[in-house]
$ cat final02.pdb   # PDB, C-alpha atoms and all ligand atoms
ATOM      1  CA  MET R  22      -4.094  -8.420  -7.686
ATOM      2  CA  GLY R  23      -2.844  -7.480  -4.232
ATOM      3  CA  ARG R  24      -0.956  -4.297  -3.510
ATOM      4  CA  LYS R  25       2.450  -4.788  -1.919
ATOM      5  CA  PRO R  26       3.033  -2.043   0.658
ATOM      6  CA  ILE R  27       5.836   0.427   0.029
ATOM      7  CA  ILE R  28       7.642   2.272   2.798
ATOM      8  CA  ALA R  29      10.054   5.019   1.783
ATOM      9  CA  GLY R  30      12.374   6.951   4.053
ATOM     10  CA  ASN R  31      12.657  10.569   2.950
ATOM     11  CA  TRP R  32      15.828  11.702   4.658
ATOM     12  CA  LYS R  33      15.299  15.274   3.393
ATOM     13  CA  MET R  34      18.379  17.498   3.903
ATOM     14  CA  ASN R  35      19.834  15.284   6.618
ATOM     15  CA  LYS R  36      22.947  13.083   6.810
ATOM     16  CA  THR R  37      26.221  13.705   5.022
ATOM     17  CA  ALA R  38      27.409  10.964   2.670
ATOM     18  CA  THR R  39      29.684   9.808   5.504
ATOM     19  CA  ALA R  40      26.802   9.607   7.981
ATOM     20  CA  ALA R  41      24.409   8.027   5.481
ATOM     21  CA  SER R  42      26.269   4.707   5.209
ATOM     22  CA  PRO R  43      25.949   3.594   8.832
ATOM     23  CA  LEU R  44      22.261   4.588   8.866
ATOM     24  CA  ALA R  45      21.646   2.561   5.685
ATOM     25  CA  THR R  46      23.547  -0.396   7.161
ATOM     26  CA  ALA R  47      21.396  -0.280  10.293
ATOM     27  CA  VAL R  48      18.192  -0.015   8.215
ATOM     28  CA  VAL R  49      19.175  -3.049   6.115
ATOM     29  CA  LYS R  50      19.501  -5.084   9.345
ATOM     30  CA  GLU R  51      16.174  -3.842  10.713
ATOM     31  CA  VAL R  52      14.116  -4.555   7.595
ATOM     32  CA  ALA R  53      15.548  -7.945   6.581
ATOM     33  CA  GLY R  54      12.718 -10.266   5.590
ATOM     34  CA  ALA R  55      10.095  -7.512   5.556
ATOM     35  CA  GLU R  56       6.908  -7.957   3.548
ATOM     36  CA  ALA R  57       7.001  -4.342   2.352
ATOM     37  CA  GLU R  58       9.067  -2.821  -0.444
ATOM     38  CA  VAL R  59      11.583  -0.534   1.283
ATOM     39  CA  VAL R  60      13.141   2.528  -0.351
ATOM     40  CA  LEU R  61      15.746   4.896   1.084
ATOM     41  CA  CYS R  62      15.850   8.444  -0.275
ATOM     42  CA  PRO R  63      19.004  10.248   0.889
ATOM     43  CA  THR R  64      20.339  13.514  -0.521
ATOM     44  CA  PHE R  65      21.762  13.454  -4.047
ATOM     45  CA  ILE R  66      25.349  13.461  -2.793
ATOM     46  CA  ALA R  67      24.740  10.509  -0.451
ATOM     47  CA  LEU R  68      23.172   8.346  -3.194
ATOM     48  CA  GLY R  69      26.500   6.713  -4.057
ATOM     49  CA  ALA R  70      27.309   5.866  -0.445
ATOM     50  CA  VAL R  71      23.855   4.398   0.192
ATOM     51  CA  ALA R  72      23.887   2.510  -3.138
ATOM     52  CA  ALA R  73      27.139   0.817  -2.106
ATOM     53  CA  THR R  74      25.737  -0.037   1.327
ATOM     54  CA  ILE R  75      22.475  -1.594   0.134
ATOM     55  CA  ARG R  76      23.910  -3.453  -2.871
ATOM     56  CA  GLY R  77      22.794  -7.094  -2.863
ATOM     57  CA  THR R  78      19.930  -6.436  -0.420
ATOM     58  CA  THR R  79      16.221  -5.959  -1.127
ATOM     59  CA  VAL R  80      16.360  -2.307  -0.023
ATOM     60  CA  LYS R  81      15.937   0.121  -2.916
ATOM     61  CA  LEU R  82      17.322   3.573  -3.624
ATOM     62  CA  GLY R  83      15.351   6.721  -4.380
ATOM     63  CA  ALA R  84      16.155  10.388  -4.937
ATOM     64  CA  GLN R  85      14.201  13.330  -3.548
ATOM     65  CA  ASN R  86      13.857  15.294  -6.793
ATOM     66  CA  LEU R  87      14.942  15.404 -10.437
ATOM     67  CA  HIS R  88      14.887  17.751 -13.404
ATOM     68  CA  TRP R  89      12.683  16.928 -16.398
ATOM     69  CA  GLU R  90      15.236  17.728 -19.092
ATOM     70  CA  LYS R  91      17.628  14.988 -20.189
ATOM     71  CA  GLU R  92      20.794  17.127 -20.013
ATOM     72  CA  GLY R  93      22.126  20.573 -20.784
ATOM     73  CA  ALA R  94      22.499  24.037 -19.309
ATOM     74  CA  PHE R  95      20.488  23.629 -16.081
ATOM     75  CA  THR R  96      22.999  24.525 -13.394
ATOM     76  CA  GLY R  97      22.464  22.681 -10.141
ATOM     77  CA  GLU R  98      19.969  20.189 -11.544
ATOM     78  CA  ILE R  99      20.044  16.372 -11.806
ATOM     79  CA  SER R 100      18.475  14.317 -14.611
ATOM     80  CA  ALA R 101      16.628  11.001 -14.504
ATOM     81  CA  ALA R 102      19.475   9.226 -16.312
ATOM     82  CA  MET R 103      21.919  10.496 -13.665
ATOM     83  CA  LEU R 104      19.710   8.944 -11.004
ATOM     84  CA  THR R 105      19.386   5.547 -12.683
ATOM     85  CA  ASP R 106      23.150   5.591 -13.247
ATOM     86  CA  MET R 107      23.580   5.955  -9.456
ATOM     87  CA  GLY R 108      21.348   2.936  -8.864
ATOM     88  CA  CYS R 109      18.082   4.730  -8.164
ATOM     89  CA  THR R 110      14.828   2.932  -8.900
ATOM     90  CA  HIS R 111      12.542   5.542  -7.325
ATOM     91  CA  VAL R 112      12.259   9.315  -7.123
ATOM     92  CA  ILE R 113      10.096  11.548  -4.935
ATOM     93  CA  ILE R 114       8.337  14.253  -6.952
ATOM     94  CA  GLY R 115       6.385  17.319  -5.836
ATOM     95  CA  HIS R 116       7.021  17.054  -2.109
ATOM     96  CA  SER R 117       5.156  19.839  -0.310
ATOM     97  CA  GLU R 118       8.468  21.355   0.792
ATOM     98  CA  ARG R 119       9.458  21.674  -2.874
ATOM     99  CA  ARG R 120       6.070  23.114  -3.752
ATOM    100  CA  ALA R 121       6.195  25.611  -0.863
ATOM    101  CA  TYR R 122       9.864  26.666  -0.821
ATOM    102  CA  PHE R 123      10.901  26.105  -4.440
ATOM    103  CA  HIS R 124       7.631  27.030  -6.130
ATOM    104  CA  GLU R 125       7.072  23.732  -7.926
ATOM    105  CA  THR R 126       3.767  23.693  -9.771
ATOM    106  CA  ASP R 127       1.497  20.862 -10.852
ATOM    107  CA  ALA R 128       2.849  21.363 -14.387
ATOM    108  CA  ASP R 129       6.418  20.870 -13.072
ATOM    109  CA  VAL R 130       5.280  17.754 -11.206
ATOM    110  CA  ASN R 131       3.787  16.428 -14.428
ATOM    111  CA  ARG R 132       6.958  17.084 -16.459
ATOM    112  CA  LYS R 133       9.110  15.444 -13.760
ATOM    113  CA  THR R 134       6.793  12.433 -13.549
ATOM    114  CA  GLN R 135       6.925  11.965 -17.322
ATOM    115  CA  ALA R 136      10.739  12.204 -17.268
ATOM    116  CA  ALA R 137      11.015   9.699 -14.414
ATOM    117  CA  LEU R 138       8.754   7.177 -16.150
ATOM    118  CA  ALA R 139      10.617   7.573 -19.443
ATOM    119  CA  ALA R 140      13.830   6.628 -17.627
ATOM    120  CA  GLY R 141      12.247   3.620 -15.907
ATOM    121  CA  LEU R 142      12.128   5.240 -12.458
ATOM    122  CA  THR R 143       9.131   4.760 -10.178
ATOM    123  CA  PRO R 144       7.831   8.248  -9.344
ATOM    124  CA  ILE R 145       6.525   8.812  -5.819
ATOM    125  CA  VAL R 146       4.233  11.751  -6.501
ATOM    126  CA  CYS R 147       3.290  13.767  -3.419
ATOM    127  CA  VAL R 148      -0.014  15.552  -2.940
ATOM    128  CA  GLY R 149      -1.574  17.161   0.107
ATOM    129  CA  GLU R 150      -3.489  20.157   1.352
ATOM    130  CA  THR R 151      -2.391  22.854   3.801
ATOM    131  CA  LEU R 152      -4.218  23.459   7.077
ATOM    132  CA  GLU R 153      -5.736  26.638   5.652
ATOM    133  CA  GLU R 154      -7.016  24.725   2.613
ATOM    134  CA  ARG R 155      -8.520  22.020   4.829
ATOM    135  CA  GLU R 156     -10.151  24.503   7.180
ATOM    136  CA  SER R 157     -11.682  26.447   4.306
ATOM    137  CA  ASN R 158     -13.188  23.248   2.851
ATOM    138  CA  ARG R 159     -10.839  23.190  -0.121
ATOM    139  CA  MET R 160      -9.091  19.875   0.609
ATOM    140  CA  GLU R 161     -11.010  18.011  -2.056
ATOM    141  CA  SER R 162     -10.494  20.588  -4.819
ATOM    142  CA  VAL R 163      -6.765  20.885  -4.028
ATOM    143  CA  ILE R 164      -6.226  17.109  -4.092
ATOM    144  CA  ARG R 165      -8.290  16.867  -7.290
ATOM    145  CA  ARG R 166      -6.161  19.506  -9.019
ATOM    146  CA  GLN R 167      -2.845  18.026  -7.815
ATOM    147  CA  VAL R 168      -3.773  14.498  -8.928
ATOM    148  CA  LEU R 169      -5.444  15.327 -12.244
ATOM    149  CA  GLU R 170      -2.825  17.877 -13.351
ATOM    150  CA  GLY R 171       0.227  16.175 -11.860
ATOM    151  CA  LEU R 172      -0.648  12.806 -13.379
ATOM    152  CA  ALA R 173      -2.161  13.952 -16.697
ATOM    153  CA  GLY R 174      -1.231  12.253 -19.947
ATOM    154  CA  LEU R 175       0.839   9.391 -18.528
ATOM    155  CA  GLY R 176      -0.974   6.693 -20.514
ATOM    156  CA  SER R 177       0.003   3.212 -19.394
ATOM    157  CA  GLY R 178       2.744   4.774 -17.227
ATOM    158  CA  LEU R 179       0.092   5.740 -14.682
ATOM    159  CA  GLY R 180       0.072   2.179 -13.373
ATOM    160  CA  SER R 181       3.743   2.488 -12.351
ATOM    161  CA  VAL R 182       3.234   5.602 -10.228
ATOM    162  CA  VAL R 183       3.142   5.620  -6.434
ATOM    163  CA  VAL R 184       1.118   8.458  -4.911
ATOM    164  CA  ALA R 185       1.964   9.844  -1.475
ATOM    165  CA  TYR R 186      -0.746  11.696   0.433
ATOM    166  CA  GLU R 187       1.009  14.068   2.796
ATOM    167  CA  PRO R 188      -1.248  16.612   4.472
ATOM    168  CA  VAL R 189       1.037  19.613   4.925
ATOM    169  CA  TRP R 190      -0.319  20.206   8.433
ATOM    170  CA  ALA R 191       0.877  16.751   9.515
ATOM    171  CA  ILE R 192       4.450  16.995   8.232
ATOM    172  CA  GLY R 193       7.018  17.327  10.986
ATOM    173  CA  THR R 194       4.371  18.594  13.369
ATOM    174  CA  GLY R 195       3.684  15.442  15.368
ATOM    175  CA  ARG R 196       0.048  15.967  14.384
ATOM    176  CA  THR R 197      -0.783  12.840  12.359
ATOM    177  CA  ALA R 198      -3.975  12.627  10.346
ATOM    178  CA  SER R 199      -6.292  10.195  12.092
ATOM    179  CA  PRO R 200      -6.621   6.862  10.293
ATOM    180  CA  ALA R 201     -10.172   7.870   9.277
ATOM    181  CA  GLN R 202      -9.063  11.293   7.986
ATOM    182  CA  ALA R 203      -6.260   9.723   5.967
ATOM    183  CA  GLN R 204      -8.476   6.938   4.622
ATOM    184  CA  GLU R 205     -11.048   9.479   3.407
ATOM    185  CA  VAL R 206      -8.433  11.244   1.283
ATOM    186  CA  HIS R 207      -6.817   8.012   0.095
ATOM    187  CA  ALA R 208     -10.222   6.815  -1.129
ATOM    188  CA  LEU R 209     -10.696  10.169  -2.891
ATOM    189  CA  ILE R 210      -7.281   9.811  -4.559
ATOM    190  CA  ARG R 211      -8.158   6.295  -5.724
ATOM    191  CA  ARG R 212     -11.423   7.604  -7.239
ATOM    192  CA  LEU R 213      -9.448  10.313  -9.042
ATOM    193  CA  LEU R 214      -6.959   7.726 -10.310
ATOM    194  CA  ALA R 215      -9.923   5.731 -11.611
ATOM    195  CA  GLU R 216     -11.166   8.840 -13.442
ATOM    196  CA  ILE R 217      -7.820   9.097 -15.228
ATOM    197  CA  GLY R 218      -6.853   5.474 -15.764
ATOM    198  CA  GLY R 219      -9.966   3.407 -15.100
ATOM    199  CA  PRO R 220     -10.911   1.449 -11.974
ATOM    200  CA  ALA R 221      -8.759  -1.614 -12.688
ATOM    201  CA  VAL R 222      -5.531   0.418 -12.869
ATOM    202  CA  ALA R 223      -6.580   2.530  -9.862
ATOM    203  CA  GLN R 224      -6.911  -0.632  -7.770
ATOM    204  CA  THR R 225      -3.272  -1.549  -8.421
ATOM    205  CA  ILE R 226      -1.741   1.867  -7.619
ATOM    206  CA  ARG R 227      -0.123   2.199  -4.214
ATOM    207  CA  ILE R 228      -1.012   5.262  -2.162
ATOM    208  CA  GLN R 229       1.319   6.040   0.730
ATOM    209  CA  TYR R 230       0.454   8.168   3.732
ATOM    210  CA  GLY R 231       3.055  10.619   5.028
ATOM    211  CA  GLY R 232       3.056  13.067   7.923
ATOM    212  CA  SER R 233       4.307  12.263  11.428
ATOM    213  CA  VAL R 234       4.185   8.496  10.905
ATOM    214  CA  LYS R 235       5.839   6.849  13.909
ATOM    215  CA  ALA R 236       6.225   3.273  15.141
ATOM    216  CA  ALA R 237       3.333   3.946  17.538
ATOM    217  CA  ASN R 238       0.760   5.007  14.912
ATOM    218  CA  ALA R 239       1.908   3.125  11.794
ATOM    219  CA  ALA R 240      -0.120  -0.067  12.235
ATOM    220  CA  GLU R 241      -3.498   1.658  12.556
ATOM    221  CA  LEU R 242      -2.782   3.864   9.543
ATOM    222  CA  PHE R 243      -1.599   0.931   7.408
ATOM    223  CA  ALA R 244      -4.684  -1.086   8.403
ATOM    224  CA  GLN R 245      -6.894   1.317   6.432
ATOM    225  CA  PRO R 246      -8.148  -0.199   3.164
ATOM    226  CA  ASP R 247      -6.587   2.417   0.844
ATOM    227  CA  ILE R 248      -3.335   3.086   2.705
ATOM    228  CA  ASP R 249      -0.542   1.094   1.080
ATOM    229  CA  GLY R 250       2.442   2.137   3.127
ATOM    230  CA  GLY R 251       4.143   5.341   4.146
ATOM    231  CA  LEU R 252       6.526   8.114   3.217
ATOM    232  CA  ILE R 253       8.473   8.639   6.402
ATOM    233  CA  GLY R 254      10.432  11.769   7.354
ATOM    234  CA  GLY R 255      11.779  12.208  10.878
ATOM    235  CA  ALA R 256      11.283   8.602  11.977
ATOM    236  CA  ALA R 257      13.265   7.379   8.948
ATOM    237  CA  LEU R 258      16.424   8.878  10.469
ATOM    238  CA  ASP R 259      16.310   6.298  13.270
ATOM    239  CA  ALA R 260      16.822   2.736  12.030
ATOM    240  CA  ALA R 261      14.888   1.086  14.858
ATOM    241  CA  SER R 262      11.873   3.391  14.426
ATOM    242  CA  PHE R 263      11.939   3.001  10.655
ATOM    243  CA  GLY R 264      12.273  -0.778  11.008
ATOM    244  CA  ALA R 265       9.255  -0.910  13.314
ATOM    245  CA  ILE R 266       7.212   1.112  10.795
ATOM    246  CA  VAL R 267       8.255  -1.214   7.961
ATOM    247  CA  LYS R 268       7.201  -4.244  10.014
ATOM    248  CA  ALA R 269       3.749  -2.705  10.569
ATOM    249  CA  ALA R 270       2.954  -2.782   6.835
ATOM    250  CA  ARG R 271       0.764  -5.536   5.369
ATOM    251  CA  SER R 272      -0.186  -6.424   1.798
ATOM    252  CA  LYS R 273      -3.694  -5.506   0.647
ATOM    253  CA  ALA R 274      -5.861  -8.087  -1.060
TER
HETATM  254  P1  LIG R 301       7.605  13.590   8.945
HETATM  255  O1  LIG R 301       7.468  12.072   8.987
HETATM  256  O2  LIG R 301       8.838  14.089   9.594
HETATM  257  O3  LIG R 301       6.343  14.263   9.405
HETATM  258  O4  LIG R 301       7.765  13.965   7.379
HETATM  259  C1  LIG R 301       6.876  13.450   6.464
HETATM  260  C2  LIG R 301       7.382  13.755   5.111
HETATM  261  O5  LIG R 301       7.371  14.883   4.674
HETATM  262  C3  LIG R 301       7.923  12.649   4.311
HETATM  263  O6  LIG R 301       8.120  13.034   3.001
END
$ encode --input "final02.pdb" --output "structure tokens" --more "lines below"
Ligand code: 13P
Amino acid sequence: MGRKPIIAGNWKMNKTATAASPLATAVVKEVAGAEAEVVLCPTFIALGAVAATIRGTTVKLGAQNLHWEKEGAFTGEISAAMLTDMGCTHVIIGHSERRAYFHETDADVNRKTQAALAAGLTPIVCVGETLEERESNRMESVIRRQVLEGLAGLGSGLGSVVVAYEPVWAIGTGRTASPAQAQEVHALIRRLLAEIGGPAVAQTIRIQYGGSVKAANAAELFAQPDIDGGLIGGAALDAASFGAIVKAARSKA
């Protein structure tokens, strides 16, 4: 079975609800007829505006985080059911910015992934090593821990997960991983997924690359055998750039 590429725009803490609509409208125009699955991930408070803008199109809606509990006294948090109610089909989990600034652990990532799957959301689970971890030869052990602990105990739900490899040193730095560097880690992630769920399931799971993906470098990254699309930050805030990245994605046999 082929893997359909998935390109998600992580808008991070950018765009008010008012500013999100015109960007979503422009993205819809740019990506019409694209081969890839396209997901827009605005802030929580812009979800409604973007949902209204993309209604009736093939573009999908994702959130940037969720809480694992269903409801209750968790001030400031948002549940999976609240996201599906807004029209979300996807949710980013364990982004490196959340791990670094908000102290999210692999156990938190696991709880959030379980909650997303239980609600029918597609989790986009982020993993990636820091520069210090890479330079001290710990990339492999860090990725192993993040994948095995973050995705533990999902059962058949594992097959619905999207993994995003985002080397922390490549995020927002303009320093993209080379296609060969990214491919090496994507292949490692697929081996780890096979350890958890078996090789057949691992072959169907999409693994996105994220970290300074631009229109100029997208095609060579997406041409790698285990790179199934991208999680796009800065370039997702410009509809033409994002559209060019989406058009660079191809299905994998
Ligand atoms: P940039 O594309 O801005 O490097 O961000 C990548 C990212 O963190 C997407 O989640």
$ closest_atom_pairs --input "final02.pdb" --of "chain R" --to "ligand LIG 301 (chain R)" --cutoff "8 Å" --atoms "all atoms listed in the file" --output "CSV"
residue,atom,partner,partner_atom,distance
R:Gly30,CA,R:LIG301,C3,7.2
R:Asn31,CA,R:LIG301,O6,5.2
R:Trp32,CA,R:LIG301,C3,8.0
R:Lys33,CA,R:LIG301,O6,7.5
R:His116,CA,R:LIG301,O6,6.6
R:Ser117,CA,R:LIG301,O5,7.4
R:Glu118,CA,R:LIG301,O5,7.6
R:Glu187,CA,R:LIG301,O5,6.7
R:Val189,CA,R:LIG301,O5,7.9
R:Ala191,CA,R:LIG301,O3,6.0
R:Ile192,CA,R:LIG301,O3,3.5
R:Gly193,CA,R:LIG301,O3,3.5
R:Thr194,CA,R:LIG301,O3,6.2
R:Gly195,CA,R:LIG301,O3,6.6
R:Thr197,CA,R:LIG301,O3,7.8
R:Gly231,CA,R:LIG301,C1,5.0
R:Gly232,CA,R:LIG301,O3,3.8
R:Ser233,CA,R:LIG301,O3,3.5
R:Val234,CA,R:LIG301,O1,5.2
R:Lys235,CA,R:LIG301,O1,7.4
R:Leu252,CA,R:LIG301,C3,4.9
R:Ile253,CA,R:LIG301,O1,4.4
R:Gly254,CA,R:LIG301,O1,3.4
R:Gly255,CA,R:LIG301,O2,3.7
R:Ala256,CA,R:LIG301,O1,6.0
R:Ala257,CA,R:LIG301,O1,7.5
$ residues_around --input "final02.pdb" --residues "stretch 269-274 of chain R" --least-positions-apart "4" --cutoff "9 Å" --atoms "all atoms listed in the file" --output "PDB file with C-alpha atoms, in the frame of the given file"
ATOM      1  CA  MET R  22      -4.094  -8.420  -7.686  1.00  0.00           C
ATOM      2  CA  GLY R  23      -2.844  -7.480  -4.232  1.00  0.00           C
ATOM      3  CA  ARG R  24      -0.956  -4.297  -3.510  1.00  0.00           C
ATOM      4  CA  LYS R  25       2.450  -4.788  -1.919  1.00  0.00           C
ATOM      5  CA  PRO R  26       3.033  -2.043   0.658  1.00  0.00           C
ATOM      6  CA  ILE R  27       5.836   0.427   0.029  1.00  0.00           C
ATOM      7  CA  ILE R  28       7.642   2.272   2.798  1.00  0.00           C
ATOM      8  CA  ALA R  55      10.095  -7.512   5.556  1.00  0.00           C
ATOM      9  CA  GLU R  56       6.908  -7.957   3.548  1.00  0.00           C
ATOM     10  CA  ALA R  57       7.001  -4.342   2.352  1.00  0.00           C
ATOM     11  CA  ALA R 236       6.225   3.273  15.141  1.00  0.00           C
ATOM     12  CA  ALA R 239       1.908   3.125  11.794  1.00  0.00           C
ATOM     13  CA  ALA R 240      -0.120  -0.067  12.235  1.00  0.00           C
ATOM     14  CA  GLU R 241      -3.498   1.658  12.556  1.00  0.00           C
ATOM     15  CA  PHE R 243      -1.599   0.931   7.408  1.00  0.00           C
ATOM     16  CA  ALA R 244      -4.684  -1.086   8.403  1.00  0.00           C
ATOM     17  CA  PRO R 246      -8.148  -0.199   3.164  1.00  0.00           C
ATOM     18  CA  ASP R 247      -6.587   2.417   0.844  1.00  0.00           C
ATOM     19  CA  ILE R 248      -3.335   3.086   2.705  1.00  0.00           C
ATOM     20  CA  ASP R 249      -0.542   1.094   1.080  1.00  0.00           C
ATOM     21  CA  GLY R 250       2.442   2.137   3.127  1.00  0.00           C
ATOM     22  CA  GLY R 251       4.143   5.341   4.146  1.00  0.00           C
ATOM     23  CA  GLY R 264      12.273  -0.778  11.008  1.00  0.00           C
ATOM     24  CA  ALA R 265       9.255  -0.910  13.314  1.00  0.00           C
TER      25      ALA R 265
END
$ resolve_selection --input "final02.pdb" --expression "the PyMOL selection byres (((chain R and resi 209) around 12) and not hetatm)" --output "ChimeraX atom specification"
/R:148-149,160-165,168-169,186,202-208,210-216,223,228,247-248
$ closest_residue --input "final02.pdb" --among "R:Gly180, R:Gly97, R:Gly218, R:Gly115" --to "R:Gln167" --atoms "all atoms listed in the file"
R:Gly115
$ axis_aligned_box --input "final02.pdb" --around "stretch 34-43 of chain R" --padding-each-side "8 Å" --output "JSON"
{"center_x": 24.0, "center_y": 10.5, "center_z": 5.8, "size_x": 27.3, "size_y": 29.9, "size_z": 22.2}
$ atom_distance --input "final02.pdb" --atom1 "atom CA of R:Thr105" --atom2 "atom CA of R:Trp89"
13.7 Å
$ build_atoms --input "final02.pdb" --residues "stretch 88-100 of chain R" --atoms "N, CA, C and O atoms" --output "mmCIF file, in the frame of the given file"
data_model
loop_
_atom_site.group_PDB
_atom_site.id
_atom_site.type_symbol
_atom_site.label_atom_id
_atom_site.label_comp_id
_atom_site.auth_asym_id
_atom_site.auth_seq_id
_atom_site.Cartn_x
_atom_site.Cartn_y
_atom_site.Cartn_z
ATOM 1 N N HIS R 88 15.301 16.777 -12.396
ATOM 2 C CA HIS R 88 14.887 17.751 -13.404
ATOM 3 C C HIS R 88 14.307 16.997 -14.591
ATOM 4 O O HIS R 88 14.662 15.857 -14.837
ATOM 5 N N TRP R 89 13.371 17.647 -15.316
ATOM 6 C CA TRP R 89 12.683 16.928 -16.398
ATOM 7 C C TRP R 89 13.469 16.868 -17.697
ATOM 8 O O TRP R 89 13.207 16.023 -18.529
ATOM 9 N N GLU R 90 14.449 17.779 -17.855
ATOM 10 C CA GLU R 90 15.236 17.728 -19.092
ATOM 11 C C GLU R 90 16.276 16.611 -19.000
ATOM 12 O O GLU R 90 16.718 16.241 -17.917
ATOM 13 N N LYS R 91 16.683 16.123 -20.161
ATOM 14 C CA LYS R 91 17.628 14.988 -20.189
ATOM 15 C C LYS R 91 19.046 15.421 -19.818
ATOM 16 O O LYS R 91 19.781 14.702 -19.153
ATOM 17 N N GLU R 92 19.457 16.602 -20.303
ATOM 18 C CA GLU R 92 20.794 17.127 -20.013
ATOM 19 C C GLU R 92 20.846 18.566 -20.511
ATOM 20 O O GLU R 92 19.906 19.033 -21.152
ATOM 21 N N GLY R 93 21.940 19.242 -20.216
ATOM 22 C CA GLY R 93 22.126 20.573 -20.784
ATOM 23 C C GLY R 93 22.391 21.638 -19.740
ATOM 24 O O GLY R 93 22.837 21.348 -18.629
ATOM 25 N N ALA R 94 22.135 22.882 -20.125
ATOM 26 C CA ALA R 94 22.499 24.037 -19.309
ATOM 27 C C ALA R 94 21.428 24.298 -18.240
ATOM 28 O O ALA R 94 20.600 25.200 -18.379
ATOM 29 N N PHE R 95 21.432 23.477 -17.201
ATOM 30 C CA PHE R 95 20.488 23.629 -16.081
ATOM 31 C C PHE R 95 21.295 23.508 -14.790
ATOM 32 O O PHE R 95 21.249 22.481 -14.094
ATOM 33 N N THR R 96 22.053 24.542 -14.503
ATOM 34 C CA THR R 96 22.999 24.525 -13.394
ATOM 35 C C THR R 96 22.337 24.095 -12.084
ATOM 36 O O THR R 96 21.288 24.627 -11.717
ATOM 37 N N GLY R 97 22.953 23.132 -11.440
ATOM 38 C CA GLY R 97 22.464 22.681 -10.141
ATOM 39 C C GLY R 97 21.421 21.596 -10.213
ATOM 40 O O GLY R 97 20.963 21.121 -9.168
ATOM 41 N N GLU R 98 21.037 21.196 -11.416
ATOM 42 C CA GLU R 98 19.969 20.189 -11.544
ATOM 43 C C GLU R 98 20.530 18.801 -11.837
ATOM 44 O O GLU R 98 21.688 18.646 -12.229
ATOM 45 N N ILE R 99 19.668 17.787 -11.664
ATOM 46 C CA ILE R 99 20.044 16.372 -11.806
ATOM 47 C C ILE R 99 18.989 15.703 -12.682
ATOM 48 O O ILE R 99 17.788 15.855 -12.423
ATOM 49 N N SER R 100 19.428 14.946 -13.687
ATOM 50 C CA SER R 100 18.475 14.317 -14.611
ATOM 51 C C SER R 100 18.110 12.897 -14.172
ATOM 52 O O SER R 100 18.794 12.288 -13.333
#
